[in-house]
$ cat query31.csv   # CSV, C-alpha atoms
chain,number,residue,atom,x,y,z
A,1,MET,CA,-130.4,41.3,117.5
A,2,THR,CA,-129.3,42.9,120.8
A,3,GLN,CA,-125.8,43.8,121.8
A,4,THR,CA,-124.3,43.2,125.2
A,5,ASP,CA,-122.2,46.3,125.5
A,6,ASN,CA,-122.4,49.8,124.0
A,7,ASP,CA,-118.6,49.9,123.7
A,8,ARG,CA,-118.5,47.0,121.2
A,9,ASN,CA,-116.3,47.6,118.2
A,10,ASN,CA,-117.1,45.4,115.3
A,11,THR,CA,-114.9,47.3,112.8
A,12,MET,CA,-112.6,44.5,111.9
A,13,THR,CA,-110.8,45.6,108.8
A,14,SER,CA,-109.6,48.7,107.0
A,15,PRO,CA,-112.0,50.3,104.5
A,16,ASP,CA,-109.6,49.3,101.6
A,17,ARG,CA,-109.6,45.6,102.5
A,18,PRO,CA,-110.7,43.7,99.4
A,19,ALA,CA,-114.0,42.0,99.4
A,20,GLY,CA,-114.1,38.2,99.1
A,21,ASN,CA,-116.2,36.1,96.8
A,22,ALA,CA,-117.8,33.9,99.4
A,23,PHE,CA,-121.6,33.7,99.6
A,24,ALA,CA,-124.1,32.0,102.0
A,25,THR,CA,-127.1,29.9,101.2
A,26,VAL,CA,-128.8,30.9,104.5
A,27,ASP,CA,-130.5,34.2,105.5
A,28,PHE,CA,-128.9,35.4,108.7
A,29,ASP,CA,-131.9,37.5,109.6
A,30,LYS,CA,-134.6,35.0,108.9
A,31,PRO,CA,-136.4,33.5,112.0
A,32,GLY,CA,-136.7,29.8,112.6
A,33,ARG,CA,-134.2,27.0,111.7
A,34,GLN,CA,-132.0,26.9,108.6
A,35,ALA,CA,-129.2,24.7,107.5
A,36,GLY,CA,-127.0,25.4,104.6
A,37,PHE,CA,-123.5,26.4,103.6
A,38,VAL,CA,-121.0,29.3,103.2
A,39,MET,CA,-119.6,28.8,99.7
A,40,PHE,CA,-116.1,29.8,98.7
A,41,PRO,CA,-115.4,29.7,94.9
A,42,HIS,CA,-112.6,27.2,94.5
A,43,SER,CA,-110.9,26.3,91.3
A,44,PRO,CA,-108.5,23.3,91.8
A,45,HIS,CA,-107.3,21.0,89.0
A,46,ASP,CA,-110.3,18.8,89.0
A,47,ASP,CA,-113.1,21.3,89.4
A,48,ALA,CA,-112.7,24.5,87.4
A,49,TRP,CA,-115.8,26.4,88.8
A,50,GLY,CA,-116.4,24.5,92.1
A,51,VAL,CA,-116.9,25.7,95.6
A,52,THR,CA,-115.6,24.8,99.1
A,53,ARG,CA,-118.7,24.4,101.3
A,54,LEU,CA,-118.7,25.3,105.0
A,55,PRO,CA,-121.7,23.9,106.8
A,56,ILE,CA,-123.7,26.4,108.8
A,57,GLY,CA,-126.9,26.4,110.8
A,58,ILE,CA,-129.0,29.3,112.0
A,59,ILE,CA,-131.6,29.2,114.7
A,60,ALA,CA,-133.3,32.6,115.4
A,61,ASN,CA,-136.3,33.5,117.5
A,62,GLY,CA,-137.4,36.8,119.0
A,63,THR,CA,-134.9,39.2,120.6
A,64,GLY,CA,-131.8,38.4,122.4
A,65,PRO,CA,-128.0,38.0,121.9
A,66,THR,CA,-126.4,36.5,118.8
A,67,VAL,CA,-124.0,33.7,119.8
A,68,ILE,CA,-121.6,32.1,117.4
A,69,LEU,CA,-120.5,28.5,117.8
A,70,GLU,CA,-117.4,27.2,116.1
A,71,GLY,CA,-116.3,23.6,115.8
A,72,GLY,CA,-113.8,22.0,113.5
A,73,ASN,CA,-111.3,24.8,113.6
A,74,HIS,CA,-108.9,21.9,113.7
A,75,GLY,CA,-110.1,18.9,111.8
A,76,ASP,CA,-108.9,16.2,114.3
A,77,GLU,CA,-110.9,17.7,117.3
A,78,TYR,CA,-114.4,16.2,117.5
A,79,GLU,CA,-116.4,16.9,120.6
A,80,GLY,CA,-117.3,20.4,119.6
A,81,SER,CA,-118.3,19.5,116.1
A,82,ILE,CA,-120.6,16.8,117.3
A,83,THR,CA,-122.2,19.1,119.9
A,84,ILE,CA,-122.8,21.8,117.4
A,85,SER,CA,-124.2,19.4,114.7
A,86,GLU,CA,-126.6,18.0,117.2
A,87,MET,CA,-127.8,21.5,118.1
A,88,ILE,CA,-128.4,22.5,114.5
A,89,ARG,CA,-130.7,19.4,114.1
A,90,ASP,CA,-132.3,19.2,117.6
A,91,LEU,CA,-132.6,22.5,119.3
A,92,ASP,CA,-136.2,23.8,119.3
A,93,PRO,CA,-136.3,27.4,117.9
A,94,ALA,CA,-139.2,28.2,120.1
A,95,LYS,CA,-136.9,27.8,123.1
A,96,VAL,CA,-134.4,30.3,121.8
A,97,SER,CA,-134.4,34.0,122.6
A,98,GLY,CA,-132.0,35.5,120.1
A,99,ARG,CA,-129.9,34.0,117.4
A,100,LEU,CA,-127.4,31.1,117.1
A,101,ILE,CA,-124.9,31.0,114.3
A,102,MET,CA,-123.5,27.4,114.3
A,103,MET,CA,-120.5,26.4,112.3
A,104,PRO,CA,-119.5,22.8,113.1
A,105,ALA,CA,-116.7,22.2,110.6
A,106,ASN,CA,-115.0,25.5,109.8
A,107,ASN,CA,-111.7,24.0,108.7
A,108,VAL,CA,-113.8,21.8,106.4
A,109,HIS,CA,-111.1,20.2,104.3
A,110,ALA,CA,-109.1,19.4,107.5
A,111,CYS,CA,-112.3,17.9,109.1
A,112,THR,CA,-113.0,15.5,106.2
A,113,SER,CA,-109.3,14.5,106.3
A,114,ALA,CA,-109.0,14.3,110.2
A,115,GLN,CA,-106.0,16.6,110.1
A,116,ARG,CA,-105.1,19.7,112.2
A,117,THR,CA,-104.3,21.7,109.1
A,118,SER,CA,-106.0,21.9,105.7
A,119,PRO,CA,-104.7,19.4,103.2
A,120,VAL,CA,-105.6,21.9,100.5
A,121,ASP,CA,-103.2,24.7,101.4
A,122,GLY,CA,-101.4,23.4,104.5
A,123,VAL,CA,-102.6,26.3,106.6
A,124,ASN,CA,-103.7,26.1,110.3
A,125,LEU,CA,-107.0,28.0,110.5
A,126,ASN,CA,-106.3,29.0,114.1
A,127,ARG,CA,-103.1,30.8,113.0
A,128,ALA,CA,-104.6,32.5,110.0
A,129,PHE,CA,-106.7,35.3,111.3
A,130,PRO,CA,-107.7,38.0,110.3
A,131,GLY,CA,-107.3,36.1,107.1
A,132,ASP,CA,-107.2,37.3,103.5
A,133,PRO,CA,-110.3,37.5,101.3
A,134,ARG,CA,-108.2,36.9,98.2
A,135,GLY,CA,-105.8,34.4,99.8
A,136,THR,CA,-105.8,30.6,100.0
A,137,ILE,CA,-109.0,28.8,101.0
A,138,THR,CA,-108.1,28.7,104.7
A,139,GLN,CA,-107.2,32.4,104.6
A,140,GLN,CA,-110.5,33.1,103.0
A,141,ILE,CA,-112.4,31.2,105.7
A,142,ALA,CA,-110.6,33.2,108.4
A,143,ALA,CA,-111.4,36.5,106.5
A,144,TYR,CA,-115.1,35.5,106.2
A,145,LEU,CA,-115.4,34.9,109.9
A,146,THR,CA,-113.5,38.1,110.7
A,147,ASP,CA,-115.4,40.3,108.3
A,148,HIS,CA,-118.9,38.8,108.2
A,149,ILE,CA,-119.6,36.4,111.1
A,150,PHE,CA,-118.0,38.1,114.1
A,151,PRO,CA,-119.5,41.5,113.4
A,152,MET,CA,-123.0,39.9,113.8
A,153,GLY,CA,-122.2,38.4,117.2
A,154,ASP,CA,-122.3,39.2,120.9
A,155,ALA,CA,-120.5,36.1,122.0
A,156,PHE,CA,-118.3,33.4,120.6
A,157,LEU,CA,-117.7,29.8,121.7
A,158,ASP,CA,-114.7,28.2,120.1
A,159,LEU,CA,-114.7,24.4,120.8
A,160,HIS,CA,-111.3,22.7,120.7
A,161,SER,CA,-110.1,19.3,121.8
A,162,GLY,CA,-106.3,19.1,121.9
A,163,GLY,CA,-105.9,17.4,118.5
A,164,SER,CA,-104.2,14.2,117.5
A,165,SER,CA,-100.9,15.1,119.1
A,166,LEU,CA,-102.0,16.1,122.6
A,167,GLN,CA,-104.0,14.8,125.5
A,168,ILE,CA,-105.4,17.6,127.7
A,169,LEU,CA,-107.3,17.9,130.9
A,170,PRO,CA,-110.9,18.9,129.9
A,171,SER,CA,-111.1,22.6,130.4
A,172,ALA,CA,-112.9,25.8,129.5
A,173,ILE,CA,-110.5,28.4,128.3
A,174,ILE,CA,-110.3,32.2,129.0
A,175,GLU,CA,-108.9,34.4,126.3
A,176,PRO,CA,-106.9,37.1,128.0
A,177,VAL,CA,-107.8,40.7,127.1
A,178,ALA,CA,-106.5,44.0,128.5
A,179,ASP,CA,-109.9,45.6,129.2
A,180,ALA,CA,-111.1,44.7,132.7
A,181,ARG,CA,-114.8,44.7,131.9
A,182,HIS,CA,-114.3,42.5,128.8
A,183,TYR,CA,-112.1,40.2,130.8
A,184,ALA,CA,-114.8,39.9,133.5
A,185,ARG,CA,-117.4,39.0,130.8
A,186,ASN,CA,-115.1,36.3,129.5
A,187,VAL,CA,-114.4,34.9,132.9
A,188,ALA,CA,-118.0,34.8,133.9
A,189,ALA,CA,-119.0,33.0,130.7
A,190,VAL,CA,-116.1,30.5,131.0
A,191,ARG,CA,-117.0,29.8,134.6
A,192,ALA,CA,-120.7,29.2,133.5
A,193,PHE,CA,-119.5,26.5,131.2
A,194,GLY,CA,-118.9,24.3,134.2
A,195,ALA,CA,-115.8,22.4,133.0
A,196,PRO,CA,-113.6,20.6,135.5
A,197,ASN,CA,-110.8,23.1,134.9
A,198,THR,CA,-110.6,26.8,133.9
A,199,VAL,CA,-107.4,27.9,132.2
A,200,VAL,CA,-106.1,31.2,130.8
A,201,ILE,CA,-104.4,30.4,127.4
A,202,GLY,CA,-103.0,33.3,125.5
A,203,ASN,CA,-101.0,31.2,123.0
A,204,LEU,CA,-97.9,33.1,123.9
A,205,GLY,CA,-99.5,36.4,122.7
A,206,ASP,CA,-100.3,35.2,119.2
A,207,PRO,CA,-103.0,37.4,117.8
A,208,ARG,CA,-103.9,35.1,114.8
A,209,THR,CA,-106.3,32.8,116.7
A,210,ALA,CA,-110.1,32.8,116.4
A,211,THR,CA,-110.6,33.7,120.0
A,212,ALA,CA,-108.1,36.6,119.9
A,213,THR,CA,-109.9,37.9,116.9
A,214,ALA,CA,-113.3,37.6,118.4
A,215,CYS,CA,-112.1,39.5,121.5
A,216,ARG,CA,-110.8,42.3,119.3
A,217,ALA,CA,-114.3,42.4,117.9
A,218,GLY,CA,-115.6,42.9,121.4
A,219,LEU,CA,-117.3,39.5,121.7
A,220,THR,CA,-117.7,37.7,125.0
A,221,THR,CA,-115.4,34.7,124.3
A,222,VAL,CA,-115.2,31.1,125.6
A,223,GLY,CA,-112.8,28.5,124.4
A,224,THR,CA,-112.5,24.8,125.3
A,225,GLU,CA,-109.9,22.1,125.2
A,226,MET,CA,-111.4,18.6,125.7
A,227,ARG,CA,-109.4,15.4,126.0
A,228,GLY,CA,-107.8,15.2,122.5
A,229,GLY,CA,-105.7,12.3,121.3
A,230,GLY,CA,-107.5,12.3,117.9
A,231,THR,CA,-110.5,10.4,119.2
A,232,VAL,CA,-114.0,11.1,120.8
A,233,SER,CA,-113.9,11.0,124.6
A,234,LEU,CA,-117.2,10.1,126.1
A,235,ASP,CA,-116.6,12.1,129.3
A,236,ALA,CA,-115.4,15.1,127.3
A,237,LEU,CA,-118.3,15.0,124.9
A,238,ASP,CA,-120.7,15.0,127.9
A,239,ILE,CA,-118.8,18.0,129.4
A,240,CYS,CA,-119.0,19.8,126.1
A,241,ARG,CA,-122.7,19.2,125.5
A,242,LYS,CA,-123.6,20.4,128.9
A,243,GLY,CA,-121.2,23.2,129.0
A,244,VAL,CA,-122.4,24.8,125.7
A,245,ARG,CA,-126.0,24.9,127.0
A,246,ASN,CA,-124.8,26.3,130.3
A,247,VAL,CA,-123.1,29.2,128.5
A,248,LEU,CA,-126.2,29.8,126.3
A,249,ALA,CA,-128.3,29.9,129.4
A,250,HIS,CA,-125.8,32.3,131.1
A,251,LEU,CA,-126.1,34.6,128.1
A,252,GLY,CA,-129.9,34.5,128.2
A,253,LEU,CA,-130.4,32.7,124.9
A,254,ILE,CA,-132.0,29.6,126.4
A,255,GLU,CA,-133.6,28.8,129.8
A,256,PRO,CA,-131.4,27.6,132.6
A,257,THR,CA,-130.4,24.0,132.0
A,258,GLY,CA,-130.2,22.5,135.5
A,259,ASN,CA,-126.7,21.3,134.7
A,260,ALA,CA,-123.7,21.7,137.0
A,261,PRO,CA,-123.4,25.1,138.6
A,262,PRO,CA,-120.6,27.5,137.4
A,263,GLN,CA,-117.1,26.1,138.0
A,264,ALA,CA,-115.6,27.7,141.1
A,265,GLY,CA,-112.1,26.3,141.5
A,266,ASP,CA,-108.8,28.1,140.9
A,267,ILE,CA,-108.2,29.7,137.6
A,268,LEU,CA,-105.0,28.2,136.0
A,269,ASP,CA,-102.7,29.8,133.5
A,270,LEU,CA,-100.1,28.8,131.0
A,271,PRO,CA,-97.6,31.6,132.0
A,272,GLY,CA,-95.4,31.9,129.0
A,273,PRO,CA,-92.6,29.7,127.5
A,274,ALA,CA,-91.8,28.0,130.9
A,275,ALA,CA,-95.2,26.2,130.7
A,276,TYR,CA,-94.0,24.1,127.8
A,277,VAL,CA,-91.6,21.2,127.7
A,278,TYR,CA,-90.0,20.7,124.3
A,279,ALA,CA,-88.1,17.7,122.9
A,280,ASP,CA,-84.5,18.5,122.1
A,281,ASP,CA,-83.6,15.2,120.5
A,282,ASP,CA,-85.0,12.8,118.0
A,283,GLY,CA,-86.5,9.6,119.5
A,284,VAL,CA,-89.4,8.2,121.5
A,285,PHE,CA,-90.7,10.2,124.5
A,286,GLU,CA,-91.4,8.4,127.8
A,287,PRO,CA,-93.5,10.7,130.1
A,288,PHE,CA,-93.0,10.3,133.9
A,289,HIS,CA,-96.4,11.7,135.0
A,290,GLU,CA,-100.1,11.4,134.3
A,291,LEU,CA,-102.3,14.4,133.5
A,292,GLY,CA,-103.2,16.4,136.7
A,293,THR,CA,-100.1,15.4,138.6
A,294,PRO,CA,-98.5,18.2,140.7
A,295,VAL,CA,-95.0,18.9,139.5
A,296,PHE,CA,-92.2,21.4,140.3
A,297,ALA,CA,-89.5,23.3,138.4
A,298,GLY,CA,-86.4,21.3,137.9
A,299,GLN,CA,-88.2,17.9,138.4
A,300,PRO,CA,-87.5,15.3,135.7
A,301,ALA,CA,-90.5,15.2,133.4
A,302,GLY,CA,-89.7,12.3,131.0
A,303,ARG,CA,-86.9,11.1,128.8
A,304,ILE,CA,-86.3,10.5,125.1
A,305,HIS,CA,-85.2,7.1,124.0
A,306,ARG,CA,-83.7,6.1,120.6
A,307,PRO,CA,-84.3,2.3,120.3
A,308,TRP,CA,-82.7,2.1,116.9
A,309,ASP,CA,-79.4,3.5,118.2
A,310,THR,CA,-78.0,1.2,121.0
A,311,ALA,CA,-75.2,3.7,121.8
A,312,PHE,CA,-77.7,6.5,122.5
A,313,ARG,CA,-78.2,7.2,126.2
A,314,PRO,CA,-81.8,8.4,127.1
A,315,VAL,CA,-82.1,12.2,127.4
A,316,THR,CA,-84.0,13.5,130.5
A,317,LEU,CA,-86.2,16.5,130.1
A,318,CYS,CA,-87.3,18.6,133.2
A,319,TYR,CA,-90.1,20.9,134.0
A,320,ALA,CA,-89.4,24.7,134.2
A,321,LEU,CA,-92.5,25.6,136.3
A,322,ASP,CA,-94.4,24.6,139.4
A,323,GLY,CA,-98.0,23.5,138.7
A,324,ILE,CA,-99.9,20.5,137.3
A,325,VAL,CA,-99.5,18.5,134.1
A,326,PHE,CA,-102.2,20.0,131.9
A,327,GLY,CA,-101.2,18.5,128.5
A,328,ARG,CA,-99.1,15.6,127.3
A,329,ARG,CA,-98.0,14.5,123.9
A,330,HIS,CA,-100.2,11.7,122.6
A,331,LEU,CA,-97.7,10.5,119.9
A,332,GLY,CA,-94.7,8.7,121.2
A,333,ARG,CA,-92.4,9.6,118.3
A,334,VAL,CA,-90.8,13.0,118.8
A,335,ALA,CA,-88.4,15.3,116.9
A,336,PRO,CA,-86.6,18.4,118.2
A,337,GLY,CA,-89.1,21.2,118.9
A,338,ASN,CA,-92.1,19.0,119.5
A,339,CYS,CA,-94.2,20.0,122.6
A,340,VAL,CA,-94.2,16.9,124.8
A,341,LEU,CA,-95.7,18.4,128.1
A,342,VAL,CA,-97.6,21.4,129.2
A,343,VAL,CA,-97.8,22.7,132.8
A,344,ALA,CA,-100.6,24.9,134.1
A,345,ALA,CA,-100.0,27.0,137.2
A,346,PRO,CA,-102.4,29.1,139.4
A,347,ALA,CA,-103.1,32.3,137.6
A,348,LYS,CA,-101.6,35.5,138.9
A,349,GLY,CA,-102.4,39.2,138.4
A,350,LEU,CA,-106.1,38.7,137.7
A,351,PRO,CA,-108.3,41.8,138.0
A,352,MET,CA,-109.9,42.3,141.4
A,353,GLY,CA,-112.6,39.7,142.2
A,354,LEU,CA,-111.7,37.3,139.4
A,355,SER,CA,-109.5,34.9,141.3
$ encode --input "query31.csv" --output "structure tokens"
Amino acid sequence: MTQTDNDRNNTMTSPDRPAGNAFATVDFDKPGRQAGFVMFPHSPHDDAWGVTRLPIGIIANGTGPTVILEGGNHGDEYEGSITISEMIRDLDPAKVSGRLIMMPANNVHACTSAQRTSPVDGVNLNRAFPGDPRGTITQQIAAYLTDHIFPMGDAFLDLHSGGSSLQILPSAIIEPVADARHYARNVAAVRAFGAPNTVVIGNLGDPRTATATACRAGLTTVGTEMRGGGTVSLDALDICRKGVRNVLAHLGLIEPTGNAPPQAGDILDLPGPAAYVYADDDGVFEPFHELGTPVFAGQPAGRIHRPWDTAFRPVTLCYALDGIVFGRRHLGRVAPGNCVLVVAAPAKGLPMGLS
């Protein structure tokens, strides 16, 4: 398979990193279509010599880039998992130039339980990278992606949807990187997705995410956040289906799709802690604004009620940033520290020509 840049660095781990015990039932180098599993030996109480099975599909044909598709990093986010599963079944290998590695349910125990984190070990896969080949099941999954999957790739699409606790404006996400050429590749691929919004999300600099790890491996990286709320949104699913094919066409793996042209609006950003509004009391949160509403720093954002305490006066929360409402808590019940609102602002300080 071809590589997009000569300066790629796929050395993910130190030479003394222990090997894991996972094994795949697919041949990553075989042409055509395959569907199988990555198997992680797992010995819980009721299955002494069992395995945790991660579904995986491979479509390979001719020469071209290797593109990795991930869904189900969080088990309560569905549009990406549906899109990838459909592609494993339906995409004609003859129409592919390169290789697709498709993983629709990477946090598999969370996916079957409709939870953000794994019910087996309580770990959030998207805060577990680079993982541990000898750790818990979720840590082993992160390590397998880091050590085995990412080194095979040229590009990575990580399809998220906000989860059960958030509603989010459907967006394609840019993972920030320091290298200007790499950043330009990320921006071009994210623009090609054609989502209604393009947002830079660095997760407050957390390096433990899948996209941050893929970027350290040199991969052109695209993220998404679809509607969320723990359900399947019809408009977001349509955006996701079209967007994935748009990016594959942009990367040269399939022919142009005829879908929407690359998104050309302003790039937004979540510029640090000021982008987030957190609950500071126990109660029920009443938001004041719909998603997409322009707001300003100091403006009342919503209030927390405590209906079971008649002496409690509602507590008003305020925005700390000018921008638009990008995300809003889907669950009404809140506790101190819950994120209730997210504000996106026009991105600043982008490399020349990327605004």
$ closest_residue --input "query31.csv" --among "A:Ala155, A:Ile173, A:Ala143, A:Ala128" --to "A:Ile267" --atoms "all atoms listed in the file"
A:Ile173
$ residues_around --input "query31.csv" --residues "stretch 21-28 of chain A" --least-positions-apart "2" --cutoff "10 Å" --atoms "all atoms listed in the file" --output "PDB file with C-alpha atoms, in the coordinates of the input"
ATOM      1  CA  PRO A  18    -110.700  43.700  99.400  1.00  0.00           C
ATOM      2  CA  ALA A  19    -114.000  42.000  99.400  1.00  0.00           C
ATOM      3  CA  LYS A  30    -134.600  35.000 108.900  1.00  0.00           C
ATOM      4  CA  PRO A  31    -136.400  33.500 112.000  1.00  0.00           C
ATOM      5  CA  ARG A  33    -134.200  27.000 111.700  1.00  0.00           C
ATOM      6  CA  GLN A  34    -132.000  26.900 108.600  1.00  0.00           C
ATOM      7  CA  ALA A  35    -129.200  24.700 107.500  1.00  0.00           C
ATOM      8  CA  GLY A  36    -127.000  25.400 104.600  1.00  0.00           C
ATOM      9  CA  PHE A  37    -123.500  26.400 103.600  1.00  0.00           C
ATOM     10  CA  VAL A  38    -121.000  29.300 103.200  1.00  0.00           C
ATOM     11  CA  MET A  39    -119.600  28.800  99.700  1.00  0.00           C
ATOM     12  CA  PHE A  40    -116.100  29.800  98.700  1.00  0.00           C
ATOM     13  CA  PRO A  41    -115.400  29.700  94.900  1.00  0.00           C
ATOM     14  CA  HIS A  42    -112.600  27.200  94.500  1.00  0.00           C
ATOM     15  CA  VAL A  51    -116.900  25.700  95.600  1.00  0.00           C
ATOM     16  CA  THR A  52    -115.600  24.800  99.100  1.00  0.00           C
ATOM     17  CA  ARG A  53    -118.700  24.400 101.300  1.00  0.00           C
ATOM     18  CA  LEU A  54    -118.700  25.300 105.000  1.00  0.00           C
ATOM     19  CA  PRO A  55    -121.700  23.900 106.800  1.00  0.00           C
ATOM     20  CA  ILE A  56    -123.700  26.400 108.800  1.00  0.00           C
ATOM     21  CA  GLY A  57    -126.900  26.400 110.800  1.00  0.00           C
ATOM     22  CA  ILE A  58    -129.000  29.300 112.000  1.00  0.00           C
ATOM     23  CA  ILE A  59    -131.600  29.200 114.700  1.00  0.00           C
ATOM     24  CA  ALA A  60    -133.300  32.600 115.400  1.00  0.00           C
ATOM     25  CA  ARG A  99    -129.900  34.000 117.400  1.00  0.00           C
ATOM     26  CA  LEU A 100    -127.400  31.100 117.100  1.00  0.00           C
ATOM     27  CA  ILE A 101    -124.900  31.000 114.300  1.00  0.00           C
ATOM     28  CA  PRO A 133    -110.300  37.500 101.300  1.00  0.00           C
ATOM     29  CA  ARG A 134    -108.200  36.900  98.200  1.00  0.00           C
ATOM     30  CA  GLN A 140    -110.500  33.100 103.000  1.00  0.00           C
ATOM     31  CA  ILE A 141    -112.400  31.200 105.700  1.00  0.00           C
ATOM     32  CA  ALA A 143    -111.400  36.500 106.500  1.00  0.00           C
ATOM     33  CA  TYR A 144    -115.100  35.500 106.200  1.00  0.00           C
ATOM     34  CA  ILE A 149    -119.600  36.400 111.100  1.00  0.00           C
ATOM     35  CA  MET A 152    -123.000  39.900 113.800  1.00  0.00           C
TER      36      MET A 152
END
$ closest_residue --input "query31.csv" --among "A:Val67, A:Val343, A:Ile304, A:Val123" --to "A:Gly135" --atoms "only C-alpha atoms"
A:Val123
$ residues_around --input "query31.csv" --residues "A:Arg245" --least-positions-apart "6" --cutoff "10 Å" --atoms "all atoms listed in the file" --output "list in words"
Thr83, Met87, Ala192, Phe193, Leu251, Leu253, Ile254, Glu255, Pro256, Thr257, Gly258 and Asn259 of chain A
$ atom_distance --input "query31.csv" --atom1 "atom CA of A:Glu70" --atom2 "atom CA of A:Met103"
5.0 Å
$ residues_around --input "query31.csv" --residues "A:Ala114" --least-positions-apart "3" --cutoff "10 Å" --atoms "only C-alpha atoms" --output "list in words"
Gly72, His74, Gly75, Asp76, Glu77, Tyr78, Val108, His109, Ala110, Cys111, Thr117, Ser118, Pro119, Gly163, Ser164, Gly230 and Thr231 of chain A
$ residues_around --input "query31.csv" --residues "A:Ala189" --least-positions-apart "2" --cutoff "9 Å" --atoms "all atoms listed in the file" --output "list in words"
Ile174, Ala184, Arg185, Asn186, Val187, Arg191, Ala192, Phe193, Thr220, Thr221, Val222, Asn246, Val247, His250, Leu251 and Pro262 of chain A
$ atom_distance --input "query31.csv" --atom1 "atom CA of A:Asp280" --atom2 "atom CA of A:Pro336"
4.4 Å
$ closest_residue --input "query31.csv" --among "A:Val284, A:Leu219, A:Ala249, A:Leu291" --to "A:Pro307" --atoms "all atoms listed in the file"
A:Val284
$ atom_distance --input "query31.csv" --atom1 "atom CA of A:Asp281" --atom2 "atom CA of A:Ala335"
6.0 Å
$ closest_residue --input "query31.csv" --among "A:Val342, A:Ala172, A:Val325, A:Ala347" --to "A:Pro196" --atoms "only C-alpha atoms"
A:Ala172
$ closest_residue --input "query31.csv" --among "A:Ser81, A:Asn124, A:Asn61, A:Thr66" --to "A:Ser97" --atoms "only C-alpha atoms"
A:Asn61
$ closest_residue --input "query31.csv" --among "A:Gly283, A:Asp121, A:His330, A:Ser171" --to "A:Phe312" --atoms "all atoms listed in the file"
A:Gly283
$ build_atoms --input "query31.csv" --residues "stretch 146-150 of chain A" --atoms "all heavy atoms" --output "PDB file, in the coordinates of the input"
ATOM      1  N   THR A 146    -113.900  36.810 110.176  1.00  0.00           N
ATOM      2  CA  THR A 146    -113.500  38.100 110.700  1.00  0.00           C
ATOM      3  C   THR A 146    -114.417  39.227 110.184  1.00  0.00           C
ATOM      4  O   THR A 146    -114.872  40.070 110.963  1.00  0.00           O
ATOM      5  CB  THR A 146    -112.058  38.427 110.264  1.00  0.00           C
ATOM      6  OG1 THR A 146    -111.186  37.418 110.797  1.00  0.00           O
ATOM      7  CG2 THR A 146    -111.613  39.783 110.770  1.00  0.00           C
ATOM      8  N   ASP A 147    -114.712  39.226 108.892  1.00  0.00           N
ATOM      9  CA  ASP A 147    -115.400  40.300 108.300  1.00  0.00           C
ATOM     10  C   ASP A 147    -116.919  40.242 108.309  1.00  0.00           C
ATOM     11  O   ASP A 147    -117.604  41.265 108.307  1.00  0.00           O
ATOM     12  CB  ASP A 147    -114.963  40.478 106.798  1.00  0.00           C
ATOM     13  CG  ASP A 147    -113.487  40.796 106.639  1.00  0.00           C
ATOM     14  OD1 ASP A 147    -112.858  41.181 107.643  1.00  0.00           O
ATOM     15  OD2 ASP A 147    -112.971  40.646 105.520  1.00  0.00           O
ATOM     16  N   HIS A 148    -117.448  39.007 108.335  1.00  0.00           N
ATOM     17  CA  HIS A 148    -118.900  38.800 108.200  1.00  0.00           C
ATOM     18  C   HIS A 148    -119.562  38.180 109.408  1.00  0.00           C
ATOM     19  O   HIS A 148    -120.656  38.601 109.799  1.00  0.00           O
ATOM     20  CB  HIS A 148    -119.200  38.001 106.942  1.00  0.00           C
ATOM     21  CG  HIS A 148    -118.739  38.633 105.676  1.00  0.00           C
ATOM     22  ND1 HIS A 148    -119.441  39.645 105.036  1.00  0.00           N
ATOM     23  CD2 HIS A 148    -117.622  38.419 104.932  1.00  0.00           C
ATOM     24  CE1 HIS A 148    -118.783  40.018 103.957  1.00  0.00           C
ATOM     25  NE2 HIS A 148    -117.679  39.295 103.866  1.00  0.00           N
ATOM     26  N   ILE A 149    -118.922  37.153 109.996  1.00  0.00           N
ATOM     27  CA  ILE A 149    -119.600  36.400 111.100  1.00  0.00           C
ATOM     28  C   ILE A 149    -119.389  37.156 112.416  1.00  0.00           C
ATOM     29  O   ILE A 149    -120.379  37.437 113.121  1.00  0.00           O
ATOM     30  CB  ILE A 149    -119.040  34.988 111.170  1.00  0.00           C
ATOM     31  CG1 ILE A 149    -119.350  34.231 109.866  1.00  0.00           C
ATOM     32  CG2 ILE A 149    -119.645  34.273 112.374  1.00  0.00           C
ATOM     33  CD1 ILE A 149    -120.832  34.062 109.583  1.00  0.00           C
ATOM     34  N   PHE A 150    -118.173  37.482 112.792  1.00  0.00           N
ATOM     35  CA  PHE A 150    -118.000  38.100 114.100  1.00  0.00           C
ATOM     36  C   PHE A 150    -118.693  39.453 114.240  1.00  0.00           C
ATOM     37  O   PHE A 150    -119.214  39.751 115.327  1.00  0.00           O
ATOM     38  CB  PHE A 150    -116.459  38.320 114.343  1.00  0.00           C
ATOM     39  CG  PHE A 150    -115.703  37.044 114.603  1.00  0.00           C
ATOM     40  CD1 PHE A 150    -114.327  36.986 114.428  1.00  0.00           C
ATOM     41  CD2 PHE A 150    -116.351  35.891 115.025  1.00  0.00           C
ATOM     42  CE1 PHE A 150    -113.623  35.823 114.666  1.00  0.00           C
ATOM     43  CE2 PHE A 150    -115.663  34.715 115.259  1.00  0.00           C
ATOM     44  CZ  PHE A 150    -114.289  34.672 115.087  1.00  0.00           C
TER      45      PHE A 150
END
